[in-house]
file coords-v6.cif (mmCIF, C-alpha atoms and all ligand atoms)
data_upload
#
loop_
_atom_site.group_PDB
_atom_site.id
_atom_site.type_symbol
_atom_site.label_atom_id
_atom_site.label_comp_id
_atom_site.auth_asym_id
_atom_site.auth_seq_id
_atom_site.Cartn_x
_atom_site.Cartn_y
_atom_site.Cartn_z
ATOM 1 C CA MET E 129 0.564 14.368 4.179
ATOM 2 C CA ILE E 130 2.251 14.120 0.761
ATOM 3 C CA PHE E 131 1.236 17.659 -0.180
ATOM 4 C CA GLN E 132 2.362 18.922 3.177
ATOM 5 C CA TYR E 133 5.702 17.122 2.974
ATOM 6 C CA ALA E 134 6.271 18.495 -0.527
ATOM 7 C CA GLY E 135 5.225 22.037 0.396
ATOM 8 C CA GLN E 136 2.451 21.889 -2.228
ATOM 9 C CA LYS E 137 -0.603 24.067 -1.544
ATOM 10 C CA PHE E 138 -3.878 22.129 -1.655
ATOM 11 C CA GLU E 139 -7.530 22.389 -0.727
ATOM 12 C CA ASP E 140 -8.720 19.724 1.729
ATOM 13 C CA HIS E 141 -12.428 19.476 0.955
ATOM 14 C CA ARG E 142 -14.195 17.315 3.568
ATOM 15 C CA VAL E 143 -17.629 16.449 2.172
ATOM 16 C CA SER E 144 -20.394 16.653 4.785
ATOM 17 C CA GLN E 145 -23.162 14.058 5.088
ATOM 18 C CA GLN E 146 -25.613 16.714 3.836
ATOM 19 C CA GLU E 147 -23.480 17.529 0.814
ATOM 20 C CA TRP E 148 -22.758 13.904 -0.125
ATOM 21 C CA PRO E 149 -25.951 12.949 -2.068
ATOM 22 C CA THR E 150 -25.393 15.780 -4.577
ATOM 23 C CA PHE E 151 -21.625 15.297 -4.635
ATOM 24 C CA LYS E 152 -21.638 11.492 -5.104
ATOM 25 C CA PRO E 153 -22.862 11.399 -8.756
ATOM 26 C CA LYS E 154 -20.168 13.914 -9.685
ATOM 27 C CA THR E 155 -17.366 11.531 -8.588
ATOM 28 C CA PRO E 156 -15.882 8.894 -10.974
ATOM 29 C CA PHE E 157 -17.032 5.848 -8.938
ATOM 30 C CA GLY E 158 -19.583 7.379 -6.538
ATOM 31 C CA GLN E 159 -16.943 7.255 -3.787
ATOM 32 C CA LEU E 160 -14.372 9.327 -1.950
ATOM 33 C CA PRO E 161 -11.543 10.149 -1.895
ATOM 34 C CA VAL E 162 -11.128 11.963 -5.195
ATOM 35 C CA LEU E 163 -8.126 14.033 -6.240
ATOM 36 C CA GLU E 164 -8.944 16.974 -8.467
ATOM 37 C CA VAL E 165 -6.116 18.464 -10.539
ATOM 38 C CA ASP E 166 -6.798 21.204 -13.082
ATOM 39 C CA GLY E 167 -10.465 20.185 -13.294
ATOM 40 C CA LYS E 168 -9.640 16.486 -13.820
ATOM 41 C CA GLN E 169 -10.639 13.825 -11.297
ATOM 42 C CA LEU E 170 -8.793 10.743 -10.062
ATOM 43 C CA ALA E 171 -10.522 8.223 -7.764
ATOM 44 C CA GLN E 172 -9.220 5.334 -5.595
ATOM 45 C CA SER E 173 -6.961 6.195 -2.682
ATOM 46 C CA PHE E 174 -3.991 4.056 -3.768
ATOM 47 C CA ALA E 175 -4.084 5.416 -7.342
ATOM 48 C CA VAL E 176 -4.212 8.965 -5.973
ATOM 49 C CA THR E 177 -1.454 8.323 -3.460
ATOM 50 C CA ARG E 178 0.873 6.611 -5.939
ATOM 51 C CA TYR E 179 0.347 9.390 -8.482
ATOM 52 C CA LEU E 180 1.285 12.044 -5.908
ATOM 53 C CA ALA E 181 4.099 9.979 -4.386
ATOM 54 C CA LYS E 182 5.746 9.607 -7.818
ATOM 55 C CA LYS E 183 5.316 13.302 -8.500
ATOM 56 C CA PHE E 184 6.869 14.381 -5.201
ATOM 57 C CA GLY E 185 9.662 11.797 -4.821
ATOM 58 C CA LEU E 186 7.992 9.641 -2.178
ATOM 59 C CA ALA E 187 7.669 6.397 -4.140
ATOM 60 C CA GLY E 188 11.096 4.813 -3.596
ATOM 61 C CA LYS E 189 14.422 5.533 -5.261
ATOM 62 C CA ASP E 190 14.018 2.996 -8.095
ATOM 63 C CA ASP E 191 11.493 0.563 -9.586
ATOM 64 C CA TRP E 192 12.482 -2.229 -7.181
ATOM 65 C CA GLU E 193 12.117 -0.129 -4.031
ATOM 66 C CA SER E 194 8.865 1.245 -5.398
ATOM 67 C CA ALA E 195 7.522 -2.311 -5.950
ATOM 68 C CA GLN E 196 8.597 -3.363 -2.451
ATOM 69 C CA LEU E 197 6.756 -0.379 -1.011
ATOM 70 C CA ASP E 198 3.668 -1.306 -3.042
ATOM 71 C CA SER E 199 3.779 -4.827 -1.617
ATOM 72 C CA ILE E 200 3.923 -3.467 1.962
ATOM 73 C CA ALA E 201 0.970 -1.168 1.244
ATOM 74 C CA ASP E 202 -1.051 -4.105 -0.107
ATOM 75 C CA PHE E 203 -0.116 -6.144 2.971
ATOM 76 C CA GLN E 204 -1.422 -3.315 5.163
ATOM 77 C CA LYS E 205 -4.608 -3.097 3.068
ATOM 78 C CA ASP E 206 -5.190 -6.851 3.585
ATOM 79 C CA PHE E 207 -4.959 -6.272 7.340
ATOM 80 C CA GLU E 208 -7.495 -3.483 7.117
ATOM 81 C CA ASN E 209 -9.894 -5.641 5.133
ATOM 82 C CA GLU E 210 -9.491 -8.490 7.627
ATOM 83 C CA THR E 211 -10.226 -6.209 10.614
ATOM 84 C CA ARG E 212 -12.782 -3.928 8.921
ATOM 85 C CA LYS E 213 -15.675 -5.021 11.141
ATOM 86 C CA TYR E 214 -13.718 -3.978 14.256
ATOM 87 C CA TYR E 215 -12.810 -0.634 12.655
ATOM 88 C CA LEU E 216 -16.444 0.086 11.729
ATOM 89 C CA MET E 217 -17.602 -0.661 15.287
ATOM 90 C CA MET E 218 -14.904 1.471 16.902
ATOM 91 C CA ALA E 219 -15.487 4.353 14.480
ATOM 92 C CA GLY E 220 -19.205 4.266 15.283
ATOM 93 C CA PHE E 221 -20.373 3.043 11.851
ATOM 94 C CA ALA E 222 -21.548 -0.400 13.064
ATOM 95 C CA SER E 223 -22.963 -1.780 16.279
ATOM 96 C CA GLY E 224 -21.762 -4.807 18.213
ATOM 97 C CA ASP E 225 -19.687 -5.914 21.180
ATOM 98 C CA LYS E 226 -16.399 -4.030 20.878
ATOM 99 C CA GLU E 227 -14.561 -6.203 23.410
ATOM 100 C CA ILE E 228 -15.464 -9.390 21.562
ATOM 101 C CA ALA E 229 -14.504 -7.751 18.263
ATOM 102 C CA TYR E 230 -11.123 -6.793 19.758
ATOM 103 C CA LYS E 231 -10.486 -10.330 21.031
ATOM 104 C CA GLU E 232 -11.786 -12.207 17.999
ATOM 105 C CA ILE E 233 -11.013 -9.884 15.093
ATOM 106 C CA PHE E 234 -8.432 -7.186 15.806
ATOM 107 C CA ASN E 235 -6.036 -8.802 18.263
ATOM 108 C CA PRO E 236 -5.345 -12.078 16.409
ATOM 109 C CA ALA E 237 -4.870 -10.297 13.066
ATOM 110 C CA ALA E 238 -2.750 -7.540 14.638
ATOM 111 C CA GLU E 239 -0.517 -10.036 16.496
ATOM 112 C CA LYS E 240 0.326 -11.554 13.108
ATOM 113 C CA HIS E 241 0.553 -8.279 11.186
ATOM 114 C CA PHE E 242 2.539 -5.783 13.244
ATOM 115 C CA PRO E 243 5.521 -8.042 14.051
ATOM 116 C CA VAL E 244 5.989 -8.438 10.271
ATOM 117 C CA LEU E 245 5.970 -4.651 9.851
ATOM 118 C CA ASN E 246 8.500 -4.382 12.652
ATOM 119 C CA LYS E 247 10.733 -6.965 10.962
ATOM 120 C CA LEU E 248 10.529 -4.995 7.679
ATOM 121 C CA LEU E 249 11.489 -1.790 9.472
ATOM 122 C CA LYS E 250 14.492 -3.499 11.077
ATOM 123 C CA GLU E 251 15.577 -4.950 7.728
ATOM 124 C CA SER E 252 15.404 -1.613 5.917
ATOM 125 C CA GLY E 253 17.764 -0.111 8.496
ATOM 126 C CA SER E 254 16.614 3.436 7.671
ATOM 127 C CA GLY E 255 13.823 3.771 10.247
ATOM 128 C CA PHE E 256 11.369 3.800 7.307
ATOM 129 C CA PHE E 257 9.915 1.030 5.137
ATOM 130 C CA GLY E 258 12.116 1.970 2.194
ATOM 131 C CA LYS E 259 15.902 1.840 2.541
ATOM 132 C CA SER E 260 16.267 5.273 0.910
ATOM 133 C CA GLY E 261 14.075 7.254 3.345
ATOM 134 C CA PRO E 262 10.452 8.222 3.973
ATOM 135 C CA SER E 263 7.801 7.267 1.438
ATOM 136 C CA TRP E 264 4.048 7.365 0.990
ATOM 137 C CA VAL E 265 3.829 3.922 2.655
ATOM 138 C CA ASP E 266 5.302 5.305 5.891
ATOM 139 C CA PHE E 267 2.710 8.068 5.752
ATOM 140 C CA TYR E 268 -0.104 5.599 5.107
ATOM 141 C CA ILE E 269 0.866 3.127 7.833
ATOM 142 C CA SER E 270 1.661 5.792 10.442
ATOM 143 C CA ASP E 271 -1.750 7.316 9.814
ATOM 144 C CA ARG E 272 -3.510 3.957 10.249
ATOM 145 C CA VAL E 273 -1.486 3.139 13.371
ATOM 146 C CA THR E 274 -2.557 6.462 14.926
ATOM 147 C CA THR E 275 -6.179 5.528 14.333
ATOM 148 C CA TYR E 276 -5.808 1.967 15.671
ATOM 149 C CA ASN E 277 -3.810 3.223 18.661
ATOM 150 C CA GLY E 278 -6.773 5.456 19.508
ATOM 151 C CA PHE E 279 -9.000 2.367 19.514
ATOM 152 C CA ALA E 280 -6.671 -0.155 21.165
ATOM 153 C CA PRO E 281 -3.779 1.527 23.047
ATOM 154 C CA GLU E 282 -3.287 -1.667 25.097
ATOM 155 C CA PHE E 283 -2.227 -3.486 21.931
ATOM 156 C CA PHE E 284 0.366 -0.887 20.880
ATOM 157 C CA LYS E 285 1.875 -0.735 24.390
ATOM 158 C CA LYS E 286 3.126 -4.236 23.543
ATOM 159 C CA HIS E 287 4.489 -2.997 20.167
ATOM 160 C CA PRO E 288 6.305 0.250 20.980
ATOM 161 C CA GLU E 289 8.492 0.088 17.873
ATOM 162 C CA ILE E 290 5.371 0.490 15.701
ATOM 163 C CA LEU E 291 4.376 3.614 17.634
ATOM 164 C CA ALA E 292 7.966 4.846 17.423
ATOM 165 C CA HIS E 293 7.769 4.582 13.621
ATOM 166 C CA ALA E 294 4.534 6.604 13.565
ATOM 167 C CA ASP E 295 6.133 9.219 15.841
ATOM 168 C CA ARG E 296 9.203 9.372 13.579
ATOM 169 C CA ILE E 297 6.961 10.197 10.617
ATOM 170 C CA HIS E 298 4.788 12.640 12.491
ATOM 171 C CA ASN E 299 7.860 14.471 13.803
ATOM 172 C CA LEU E 300 9.430 14.979 10.385
ATOM 173 C CA PRO E 301 10.034 18.743 10.196
ATOM 174 C CA GLN E 302 7.834 19.015 7.082
ATOM 175 C CA LEU E 303 4.878 17.307 8.841
ATOM 176 C CA LYS E 304 5.112 18.185 12.512
ATOM 177 C CA ASP E 305 2.906 21.286 12.604
ATOM 178 C CA TYR E 306 0.388 19.849 10.165
ATOM 179 C CA ILE E 307 -0.062 16.659 12.200
ATOM 180 C CA LYS E 308 -0.570 18.667 15.400
ATOM 181 C CA SER E 309 -3.100 20.957 13.750
ATOM 182 C CA ARG E 310 -5.296 18.130 12.453
ATOM 183 C CA LYS E 311 -5.278 15.988 15.631
ATOM 184 C CA GLN E 312 -8.656 17.155 16.957
ATOM 185 C CA THR E 313 -10.608 15.971 13.933
ATOM 186 C CA HIS E 314 -8.669 12.790 13.260
ATOM 187 C CA ILE E 315 -10.126 9.448 14.400
HETATM 188 N N1 LIG E 401 -11.073 1.333 -2.665
HETATM 189 C C1 LIG E 401 -11.582 2.670 -2.525
HETATM 190 C C2 LIG E 401 -12.675 2.663 -1.465
HETATM 191 C C3 LIG E 401 -13.423 3.966 -1.449
HETATM 192 C C4 LIG E 401 -14.559 3.955 -0.433
HETATM 193 O O1 LIG E 401 -14.992 2.900 0.039
HETATM 194 N N2 LIG E 401 -15.049 5.155 -0.103
HETATM 195 C C5 LIG E 401 -16.117 5.305 0.864
HETATM 196 C C6 LIG E 401 -15.656 6.159 2.040
HETATM 197 S S1 LIG E 401 -14.304 5.427 2.874
HETATM 198 C C7 LIG E 401 -17.277 6.073 0.254
HETATM 199 O O2 LIG E 401 -17.071 6.933 -0.600
HETATM 200 N N3 LIG E 401 -18.494 5.788 0.730
HETATM 201 C C8 LIG E 401 -19.663 6.544 0.409
HETATM 202 C C9 LIG E 401 -20.582 5.886 -0.579
HETATM 203 O O3 LIG E 401 -20.235 4.802 -1.110
HETATM 204 O O4 LIG E 401 -21.666 6.451 -0.799
HETATM 205 C C10 LIG E 401 -10.437 3.630 -2.141
HETATM 206 O O5 LIG E 401 -9.456 3.181 -1.529
HETATM 207 O O6 LIG E 401 -10.501 4.815 -2.494
#

call {"tool": "encode", "arguments": {"input": "coords-v6.cif", "output": "C-alpha cells", "more": "lines below"}}
Ligand SMILES: N[C@@H](CCC(=O)N[C@@H](CS)C(=O)NCC(=O)O)C(=O)O
result
Amino acid sequence: MIFQYAGQKFEDHRVSQQEWPTFKPKTPFGQLPVLEVDGKQLAQSFAVTRYLAKKFGLAGKDDWESAQLDSIADFQKDFENETRKYYLMMAGFASGDKEIAYKEIFNPAAEKHFPVLNKLLKESGSGFFGKSGPSWVDFYISDRVTTYNGFAPEFFKKHPEILAHADRIHNLPQLKDYIKSRKQTHI
C-alpha cells in the first residue's frame, strides 16, 4: 500500500508453500515478510513499514506525531497477539470451535480495542490516526480491519466508524484501483 500510494514500482513476490523450504534459509530470520532493496534484505514487518513510511512521507509530520503513530501501531499489534488463536482458526491455520473462539477471544478483546481506536480517530479530527493526514498506521489498521470484517461482519456492524475509516483509506485516489485489484486474493 505504501509503494502504491507513493507511485513506486515494486515486485510483490508471494512465496508459495512449495518454494518456502528453499527460500526460508535465504531470509535474515527464516521468516517473511522481507523487503529487498538493491540486493539488500530487511526483515520484520514493522521495521520494513517504518523504513518505507519515512522514505515516502507516511510516518507523521514530526517526531511527536511519528511516535504517537508508533504507539497506535503497537496497540494494534497487542490486539492481534491477544486474538491470534481466533485469527488462526478463521484463516484455516488451526482447528477449533470458531463460535466459541469468537465469543471468548475475539469479541471481548475487540469490544475493548475498537472503541479506543474510534476515540483516537475522533481526537485527531483529520479522519486518520495522525492529525496531518494518512500514514502507514492507517494503512496497517485498515488492512487488518478488512480481514477481521471478513471473519466477523456482525461485530463491525456495531462499529461502523471503524469500517468507515477503512473505506476512507481504501478510497484514497492513489489506492482505490490497487485495493480493488487485490480483493480476490486477500483474506
Ligand atoms: N514479527 C515478525 C513475524 C514474522 C512471521 O511470523 N512470519 C511468518 C509468516 S506470518 C513466517 O514467516 N512463517 C514461516 C516460518 O516461520 O517458517 C514480523 O512482523 O515480520

call {"tool": "residues_around", "arguments": {"input": "coords-v6.cif", "residues": "E:Met129", "least_positions_apart": "2", "cutoff": "8 Å", "atoms": "only C-alpha atoms", "output": "list in words"}}
result
Phe131, Gln132, Tyr133, Phe267 and Leu303 of chain E

call {"tool": "resolve_selection", "arguments": {"input": "coords-v6.cif", "expression": "the PyMOL selection byres (((chain E and resi 159) around 12) and not hetatm)", "output": "MDAnalysis selection string"}}
result
chainID E and resid 143 148:149 151:158 160:163 169:173

call {"tool": "atom_distance", "arguments": {"input": "coords-v6.cif", "atom1": "atom CA of E:Phe279", "atom2": "atom CA of E:Met218"}}
result
6.5 Å

call {"tool": "residues_around", "arguments": {"input": "coords-v6.cif", "residues": "E:Tyr214", "least_positions_apart": "4", "cutoff": "7 Å", "atoms": "all atoms listed in the file", "output": "short mmCIF file (atom, residue, chain, number, x, y, z; two decimals) with C-alpha atoms, in the coordinates of the input"}}
result
data_model
loop_
_atom_site.label_atom_id
_atom_site.label_comp_id
_atom_site.auth_asym_id
_atom_site.auth_seq_id
_atom_site.Cartn_x
_atom_site.Cartn_y
_atom_site.Cartn_z
CA MET E 218 -14.90 1.47 16.90
CA ALA E 229 -14.50 -7.75 18.26
CA TYR E 230 -11.12 -6.79 19.76
CA ILE E 233 -11.01 -9.88 15.09
CA PHE E 234 -8.43 -7.19 15.81
#

call {"tool": "closest_atom_pairs", "arguments": {"input": "coords-v6.cif", "of": "stretch 214-273 of chain E", "to": "stretch 196-206 of chain E", "cutoff": "12 Å", "atoms": "only C-alpha atoms", "output": "Markdown table"}}
result
| residue | atom | partner | partner_atom | distance |
| --- | --- | --- | --- | --- |
| E:Ala237 | CA | E:Asp206 | CA | 10.1 |
| E:Ala238 | CA | E:Gln204 | CA | 10.5 |
| E:Lys240 | CA | E:Phe203 | CA | 11.5 |
| E:His241 | CA | E:Gln204 | CA | 8.1 |
| E:Phe242 | CA | E:Gln204 | CA | 9.3 |
| E:Val244 | CA | E:Phe203 | CA | 9.8 |
| E:Leu245 | CA | E:Ile200 | CA | 8.2 |
| E:Asn246 | CA | E:Ile200 | CA | 11.7 |
| E:Lys247 | CA | E:Ile200 | CA | 11.8 |
| E:Leu248 | CA | E:Ile200 | CA | 8.9 |
| E:Leu249 | CA | E:Ile200 | CA | 10.8 |
| E:Ser252 | CA | E:Gln196 | CA | 10.9 |
| E:Phe256 | CA | E:Leu197 | CA | 10.4 |
| E:Phe257 | CA | E:Leu197 | CA | 7.1 |
| E:Gly258 | CA | E:Leu197 | CA | 6.7 |
| E:Lys259 | CA | E:Leu197 | CA | 10.1 |
| E:Ser260 | CA | E:Leu197 | CA | 11.2 |
| E:Gly261 | CA | E:Leu197 | CA | 11.4 |
| E:Pro262 | CA | E:Leu197 | CA | 10.6 |
| E:Ser263 | CA | E:Leu197 | CA | 8.1 |
| E:Trp264 | CA | E:Leu197 | CA | 8.4 |
| E:Val265 | CA | E:Ala201 | CA | 6.0 |
| E:Asp266 | CA | E:Leu197 | CA | 9.1 |
| E:Phe267 | CA | E:Ala201 | CA | 10.4 |
| E:Tyr268 | CA | E:Ala201 | CA | 7.9 |
| E:Ile269 | CA | E:Gln204 | CA | 7.3 |
| E:Ser270 | CA | E:Gln204 | CA | 11.0 |
| E:Asp271 | CA | E:Gln204 | CA | 11.6 |
| E:Arg272 | CA | E:Gln204 | CA | 9.1 |
| E:Val273 | CA | E:Gln204 | CA | 10.4 |

call {"tool": "axis_aligned_box", "arguments": {"input": "coords-v6.cif", "around": "ligand LIG 401 (chain E)", "padding_each_side": "8 Å", "output": "AutoDock Vina command-line options"}}
result
--center_x -15.6 --center_y 4.1 --center_z 0.1 --size_x 28.2 --size_y 21.6 --size_z 21.5

call {"tool": "closest_residue", "arguments": {"input": "coords-v6.cif", "among": "E:Pro243, E:Lys226, E:Tyr276, E:Ile130", "to": "E:Ala187", "atoms": "all atoms listed in the file"}}
result
E:Ile130

call {"tool": "closest_residue", "arguments": {"input": "coords-v6.cif", "among": "E:Ser194, E:Thr211, E:Glu232, E:Ala294", "to": "E:Arg178", "atoms": "all atoms listed in the file"}}
result
E:Ser194

call {"tool": "closest_residue", "arguments": {"input": "coords-v6.cif", "among": "E:Asp191, E:Glu208, E:Glu289, E:Glu139", "to": "ligand LIG 401 (chain E)", "atoms": "all atoms listed in the file"}}
result
E:Glu208

call {"tool": "closest_residue", "arguments": {"input": "coords-v6.cif", "among": "E:Phe138, E:Trp192, E:Tyr215, E:Tyr306", "to": "E:Asn277", "atoms": "only C-alpha atoms"}}
result
E:Tyr215

call {"tool": "closest_residue", "arguments": {"input": "coords-v6.cif", "among": "E:Pro288, E:Gly135, E:Asp140, E:Thr274", "to": "E:Ile307", "atoms": "all atoms listed in the file"}}
result
E:Thr274

call {"tool": "closest_residue", "arguments": {"input": "coords-v6.cif", "among": "E:Lys250, E:Arg142, E:Lys285, E:Arg296", "to": "ligand LIG 401 (chain E)", "atoms": "all atoms listed in the file"}}
result
E:Arg142

call {"tool": "atom_distance", "arguments": {"input": "coords-v6.cif", "atom1": "atom CA of E:Ile297", "atom2": "atom CA of E:Gly255"}}
result
9.4 Å

call {"tool": "atom_distance", "arguments": {"input": "coords-v6.cif", "atom1": "atom CA of E:Ala134", "atom2": "atom CA of E:Gly167"}}
result
21.1 Å

call {"tool": "resolve_selection", "arguments": {"input": "coords-v6.cif", "expression": "the PyMOL selection byres (((chain E and resi 219) around 12) and not hetatm)", "output": "count of residues only"}}
result
20

call {"tool": "decode", "arguments": {"input": "coords-v6.cif", "residues": "stretch 235-292 of chain E", "atoms": "C-alpha atoms", "output": "short mmCIF file (atom, residue, chain, number, x, y, z; two decimals), in the first residue's frame"}}
result
data_model
loop_
_atom_site.label_atom_id
_atom_site.label_comp_id
_atom_site.auth_asym_id
_atom_site.auth_seq_id
_atom_site.Cartn_x
_atom_site.Cartn_y
_atom_site.Cartn_z
CA ASN E 235 -15.39 -10.30 20.88
CA PRO E 236 -14.21 -9.33 24.39
CA ALA E 237 -10.84 -8.08 23.11
CA ALA E 238 -12.44 -6.26 20.16
CA GLU E 239 -15.08 -4.58 22.36
CA LYS E 240 -12.21 -3.06 24.36
CA HIS E 241 -9.95 -2.31 21.39
CA PHE E 242 -12.02 -0.74 18.63
CA PRO E 243 -13.78 1.91 20.75
CA VAL E 244 -10.30 3.19 21.69
CA LEU E 245 -9.35 3.39 18.00
CA ASN E 246 -12.58 5.25 17.34
CA LYS E 247 -11.81 7.71 20.14
CA LEU E 248 -8.32 8.30 18.67
CA LEU E 249 -9.81 8.95 15.24
CA LYS E 250 -12.26 11.47 16.70
CA GLU E 251 -9.48 13.21 18.62
CA SER E 252 -7.22 13.55 15.58
CA GLY E 253 -10.02 15.34 13.73
CA SER E 254 -8.47 14.52 10.33
CA GLY E 255 -10.29 11.24 9.63
CA PHE E 256 -6.91 9.49 10.02
CA PHE E 257 -4.88 8.46 13.07
CA GLY E 258 -2.40 11.28 12.57
CA LYS E 259 -3.59 14.89 12.65
CA SER E 260 -1.61 15.72 9.50
CA GLY E 261 -3.20 13.12 7.18
CA PRO E 262 -2.86 9.48 6.12
CA SER E 263 0.04 7.42 7.43
CA TRP E 264 1.32 3.86 7.40
CA VAL E 265 -0.73 3.17 10.56
CA ASP E 266 -3.98 3.94 8.73
CA PHE E 267 -2.88 1.54 6.01
CA TYR E 268 -1.98 -1.15 8.54
CA ILE E 269 -5.18 -0.88 10.59
CA SER E 270 -7.49 -0.59 7.58
CA ASP E 271 -5.92 -3.73 6.16
CA ARG E 272 -6.42 -5.65 9.42
CA VAL E 273 -10.00 -4.39 9.78
CA THR E 274 -10.79 -5.67 6.26
CA THR E 275 -9.54 -9.10 7.27
CA TYR E 276 -11.42 -9.15 10.60
CA ASN E 277 -14.57 -7.82 8.92
CA GLY E 278 -14.42 -10.82 6.59
CA PHE E 279 -14.36 -13.09 9.64
CA ALA E 280 -16.83 -11.27 11.90
CA PRO E 281 -19.05 -8.81 9.97
CA GLU E 282 -21.59 -8.88 12.83
CA PHE E 283 -19.02 -7.22 15.09
CA PHE E 284 -18.22 -4.37 12.68
CA LYS E 285 -21.92 -3.66 12.02
CA LYS E 286 -21.87 -2.38 15.61
CA HIS E 287 -18.74 -0.26 14.87
CA PRO E 288 -19.47 1.44 11.54
CA GLU E 289 -16.98 4.25 12.16
CA ILE E 290 -14.14 1.69 12.07
CA LEU E 291 -15.34 0.40 8.70
CA ALA E 292 -15.76 3.99 7.51
#
